[in-house]
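**Q** Sharing a structure below in C-alpha cells format, with a few things to ask.
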Amino acid sequence: SVYRSAQLYTDHLMNPGLPSTYTFIEKVMGEMVRLHRMAGVPLRTLHVGADELPHGAWEKSPATHALMQREKLTDTTQVWDYFYQRVDLMLRKHGLKAAGWEELGARKVKLRGVDKLIPNQVFVQKGFTLYVWNNLDDAEDLAYRMANAGYRTVLAPATHLYFDMAYNKNPDEPGVNWAAYTDLDTVFDFVPFDFVRSPGRDGLTDFGQKNIIGLEGTLFSETVRSSAGMDYLLMPRLLALAERAWAHDPAWAREADKAKAQSLHVQAWSVFANQLGKWVLPKLNAEMPGVRYRIAPPGLKIVEGKVLANHQTPGVALHYTTDATEPTLQSAVVTCPIAEKSLIHVAAFDSAGRKGRSSKVDNR
C-alpha cells in the first residue's frame with residue numbers, strides 16, 4: 001500500500017489481514033495483564049491507540065483483500081471495524097475494556113465534499129473510552145459529539161491541554177506550535193462543559209455531559225531532552241489543568257452578561273495567579289526543590305518615558321540592570337517604574353532564588 005503517516009512513515013502499520021497481527025496483540029496484551037497482576041495493580045482498561053491511520057493504508061494488501069473477500073467487507077473502513085471488534089474480544093477475554101484516541105470511535109465521511117468525523121455507531125455500546133485531542137478547525141465540537149453519541153470521553157484538546165506546545169511565539173521557548181501556543185492562562189481558560197454556540201456546532205447535552213469522565217494533559221516527549229525540560233513544559237500549566245479538572249466550571253462561563261462574565265474572569269484569574277505565585281509554587285520549592293518549573297519572563301512596557309514591569313504570577317522578585325548585563329539576586333529590585341534611560345533587563349526570581357529568562361526593553 002502507498003501511504004504516508006503524520007510522522008512521515010511509509011511502512012509502520014499492522015496488517016489486519018495477517019493472522020500474526022492478532023497473535024502479536026494477544027501476546028502483548030497477555031503480558032501486560034500478567035505484569036499488572038504481579039505488581040498487585042490489576043489492569044482494567046488498555047489504551048489501544050487507534051489514531052492517525054494514514055489514507056491509503058491496506059488498500060493494496062493481498063492479505064487485506066483476502067480478509068475483505070472472506071468477511072464480505074466492502075472497504076477499508078469496514079476493515080477498521082473488523083480489526084477493533086477482534087481487539088475488543090481479546091480485551092474482554094482478559095476482563096479489560098478498550099480505550100483509545102477519538103479515531104477509535106469515529107468514522108470519516110464526506111459532508112458536501114469535505115471530510116468530517118462522525119461517531120461510529122458500531123462501537124457505541126462497547127463501552128469504549130475515547131481520548132479526544134482534535135478540536136481544530138471543523139472538529140471544534142468533536143468531543144461533545146462523541147459524548148452525546150454515548151462514548152465515555154476524556155477531553156484532551158490540543159489547543160489547551162497539549163503541554164508539548166510552546167508557551168508563546170518567543171523563539172527561545174521550547175515546544176512545538178502546530179496546534180496553538182498554550183500559555184498558563186490558556187489552560188486556565190479552558191472550560192470543560194462550555195457549550196459550543198457557534199453556527200453548525202453541537203452543544204453538549206445533559207446525556208453527553210455525563211459521558212465526560214475526565215481531562216488529560218498530554219506531553220509528547222520526542223522533543224524533550226531532559227527532566228528539567230519536561231518540568232518546564234508541564235509546570236505550572238499542570239496546576240491550571242488541576243484547577244479545571246477538580247472544580248466546577250467557573251462562574252464566568254455560566255454568566256450570560258458579557259461584562260459580568262469578563263469581570264468574573266478577571267477576578268478568578270487574579271485569585272488563581274496570586275495563590276499560585278504566593279503559596280503553591282513556594283510550597284513546591286520547599287517540598288520538591290528539584291522541580292524546575294517555568295518562571296515566566298516579566299512583562300515590560302514603556303509609559304511616559306518610564307519602564308513598567310509586571311509578572312504573570314505575583315510573589316516573585318523582579319530584579320533589573322541598566323548596563324545590558326543579566327540581572328542577578330544582587331541587582332536592583334523593581335519597586336516602582338524604572339526611569340533610567342538605558343537598555344533595561346528585568347528577570348524574575350522565585351522564592352528559592354532561581355532565575356527565569358529575562359526580558360529587555362530599550363528606554364534610551
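Going through the C-alpha cells in order, the chains are called A, B, and so on, while each chain numbers its residues from 1 and the ligands are numbered from 1 in the order shown.
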Could you give me the residues within region 56-98 of chain A that DSSP places in alpha helix (DSSP H), as an mmCIF file with C-alpha atoms, in the first residue's frame?

**A**
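Here's the written file result19.cif:
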data_model
loop_
_atom_site.group_PDB
_atom_site.id
_atom_site.type_symbol
_atom_site.label_atom_id
_atom_site.label_comp_id
_atom_site.auth_asym_id
_atom_site.auth_seq_id
_atom_site.Cartn_x
_atom_site.Cartn_y
_atom_site.Cartn_z
ATOM 1 C CA PRO A 62 -3.276 -9.020 -0.787
ATOM 2 C CA ALA A 63 -3.791 -10.222 2.803
ATOM 3 C CA THR A 64 -6.310 -7.467 3.479
ATOM 4 C CA HIS A 65 -8.081 -8.138 0.176
ATOM 5 C CA ALA A 66 -8.387 -11.809 1.119
ATOM 6 C CA LEU A 67 -9.818 -10.791 4.508
ATOM 7 C CA MET A 68 -12.347 -8.472 2.863
ATOM 8 C CA GLN A 69 -13.459 -11.202 0.486
ATOM 9 C CA ARG A 70 -13.727 -13.765 3.262
ATOM 10 C CA GLU A 71 -15.644 -11.479 5.641
ATOM 11 C CA THR A 76 -11.108 -0.386 4.443
ATOM 12 C CA THR A 77 -13.494 1.451 6.784
ATOM 13 C CA GLN A 78 -15.140 -1.893 7.440
ATOM 14 C CA VAL A 79 -11.695 -3.471 7.826
ATOM 15 C CA TRP A 80 -11.091 -0.987 10.661
ATOM 16 C CA ASP A 81 -14.323 -2.063 12.341
ATOM 17 C CA TYR A 82 -13.448 -5.747 11.908
ATOM 18 C CA PHE A 83 -9.986 -5.214 13.382
ATOM 19 C CA TYR A 84 -11.168 -3.413 16.513
ATOM 20 C CA GLN A 85 -14.039 -5.827 17.040
ATOM 21 C CA ARG A 86 -11.423 -8.582 17.250
ATOM 22 C CA VAL A 87 -9.234 -6.485 19.546
ATOM 23 C CA ASP A 88 -12.254 -5.834 21.764
ATOM 24 C CA LEU A 89 -12.950 -9.574 22.005
ATOM 25 C CA MET A 90 -9.341 -10.187 23.074
ATOM 26 C CA LEU A 91 -9.607 -7.488 25.714
ATOM 27 C CA ARG A 92 -12.843 -8.918 27.080
ATOM 28 C CA LYS A 93 -11.208 -12.330 27.466
#

**Q** Taking only residues of region 227-314 of chain A that have an atom at most 10 Å from an atom of region 166-175 of chain A, what is each one's shortest atom pair and its distance in Å to one decimal, using only C-alpha atoms, in chain and number order, as a Markdown table?

**A**
| residue | atom | partner | partner_atom | distance |
| --- | --- | --- | --- | --- |
| A:Gly229 | CA | A:Pro174 | CA | 8.2 |
| A:Tyr232 | CA | A:Pro174 | CA | 8.8 |
| A:Leu233 | CA | A:Gly175 | CA | 7.7 |
| A:Arg237 | CA | A:Tyr167 | CA | 9.4 |
| A:Arg294 | CA | A:Tyr167 | CA | 9.9 |
| A:Ala296 | CA | A:Tyr167 | CA | 9.4 |

**Q** For region 174-233 of chain A versus region 264-275 of chain A, which residues have an atom no more than 12 Å away, and what is each residue's nearest atom pair and distance in Å rounded to one decimal, using only C-alpha atoms, chain-then-number order, as CSV?

**A**
residue,atom,partner,partner_atom,distance
A:Leu184,CA,A:Ala273,CA,9.5
A:Asp185,CA,A:Trp269,CA,7.9
A:Thr186,CA,A:Trp269,CA,11.0
A:Val187,CA,A:Trp269,CA,11.3
A:Phe188,CA,A:Trp269,CA,7.8
A:Asp189,CA,A:His265,CA,8.6
A:Phe190,CA,A:His265,CA,11.7
A:Val191,CA,A:His265,CA,11.7

**Q** Could you tell me how far CA of Lys108 (chain A) sits from CA of Leu219 (chain A), in Å to one decimal place?

**A**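 Rounded to one decimal, the two atoms are 26.2 Å apart.
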
**Q** From region 233-303 of chain A, collect each residue whose DSSP state is strand (DSSP E) and return the set as a list in words.

**A** Gly299, Leu300, Lys301, Ile302 and Val303 of chain A

**Q** Just write the chosen residues, C-alpha atoms, as a PDB file, in the first residue's frame.

**A**
ATOM      1  CA  GLY A 299       6.215  41.859  31.024  1.00  0.00           C
ATOM      2  CA  LEU A 300       7.733  45.258  30.198  1.00  0.00           C
ATOM      3  CA  LYS A 301       6.120  48.419  28.845  1.00  0.00           C
ATOM      4  CA  ILE A 302       7.313  51.994  28.395  1.00  0.00           C
ATOM      5  CA  VAL A 303       4.797  54.569  29.607  1.00  0.00           C
TER       6      VAL A 303
END

**Q** Neighbouring residues of Arg254 (chain A) were defined as those with any atom within 10 Å, considering only C-alpha atoms; residues of the same chain fewer than 5 positions away were excluded. Please report them as an MDAnalysis selection string.

**A** chainID A and resid 193:195 249 261

**Q** Could you give me, as a tab-separated table, every region 174-282 of chain A residue with an atom at most 10 Å from region 330-352 of chain A, plus its closest atom pair and distance in Å to one decimal, counting only C-alpha atoms, rows ordered by chain then number?

**A**
residue	atom	partner	partner_atom	distance
A:Gly277	CA	A:Asp350	CA	8.6
A:Lys278	CA	A:Ser351	CA	8.9
A:Leu281	CA	A:Ser351	CA	8.2
A:Pro282	CA	A:Ser351	CA	5.7

**Q** Provide the CA of Lys360 (chain A) to CA of Pro298 (chain A) distance in Å, to one decimal place.

**A** 8.9 Å

**Q** Given the choices A:Pro42, A:Pro157, A:Pro54, A:Gly217, which gets closest to Asn135 (chain A) if the distance is worked out from only C-alpha atoms?

**A**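 Nearest to Asn135 (chain A): A:Pro157.
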
**Q** Need the shell around Ala228 (chain A): protein/DNA/RNA residues with any atom at most 8 Å away, counting only C-alpha atoms. Skip same-chain ones fewer than 4 positions apart. Format as an MDAnalysis selection string?

**A** chainID A and resid 232 291:293

**Q** Fewer than 4 positions away in the same chain doesn't count, so skip those; otherwise give me all residues within 8 Å of Phe207 (chain A), counting only C-alpha atoms, as a count of residues only.

**A** 4

**Q** Expressed in Å to a single decimal, how great is the separation between CA of Val48 (chain A) and CA of Gly100 (chain A)?

**A**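 Going from CA of Val48 (chain A) over to CA of Gly100 (chain A) covers 5.3 Å.
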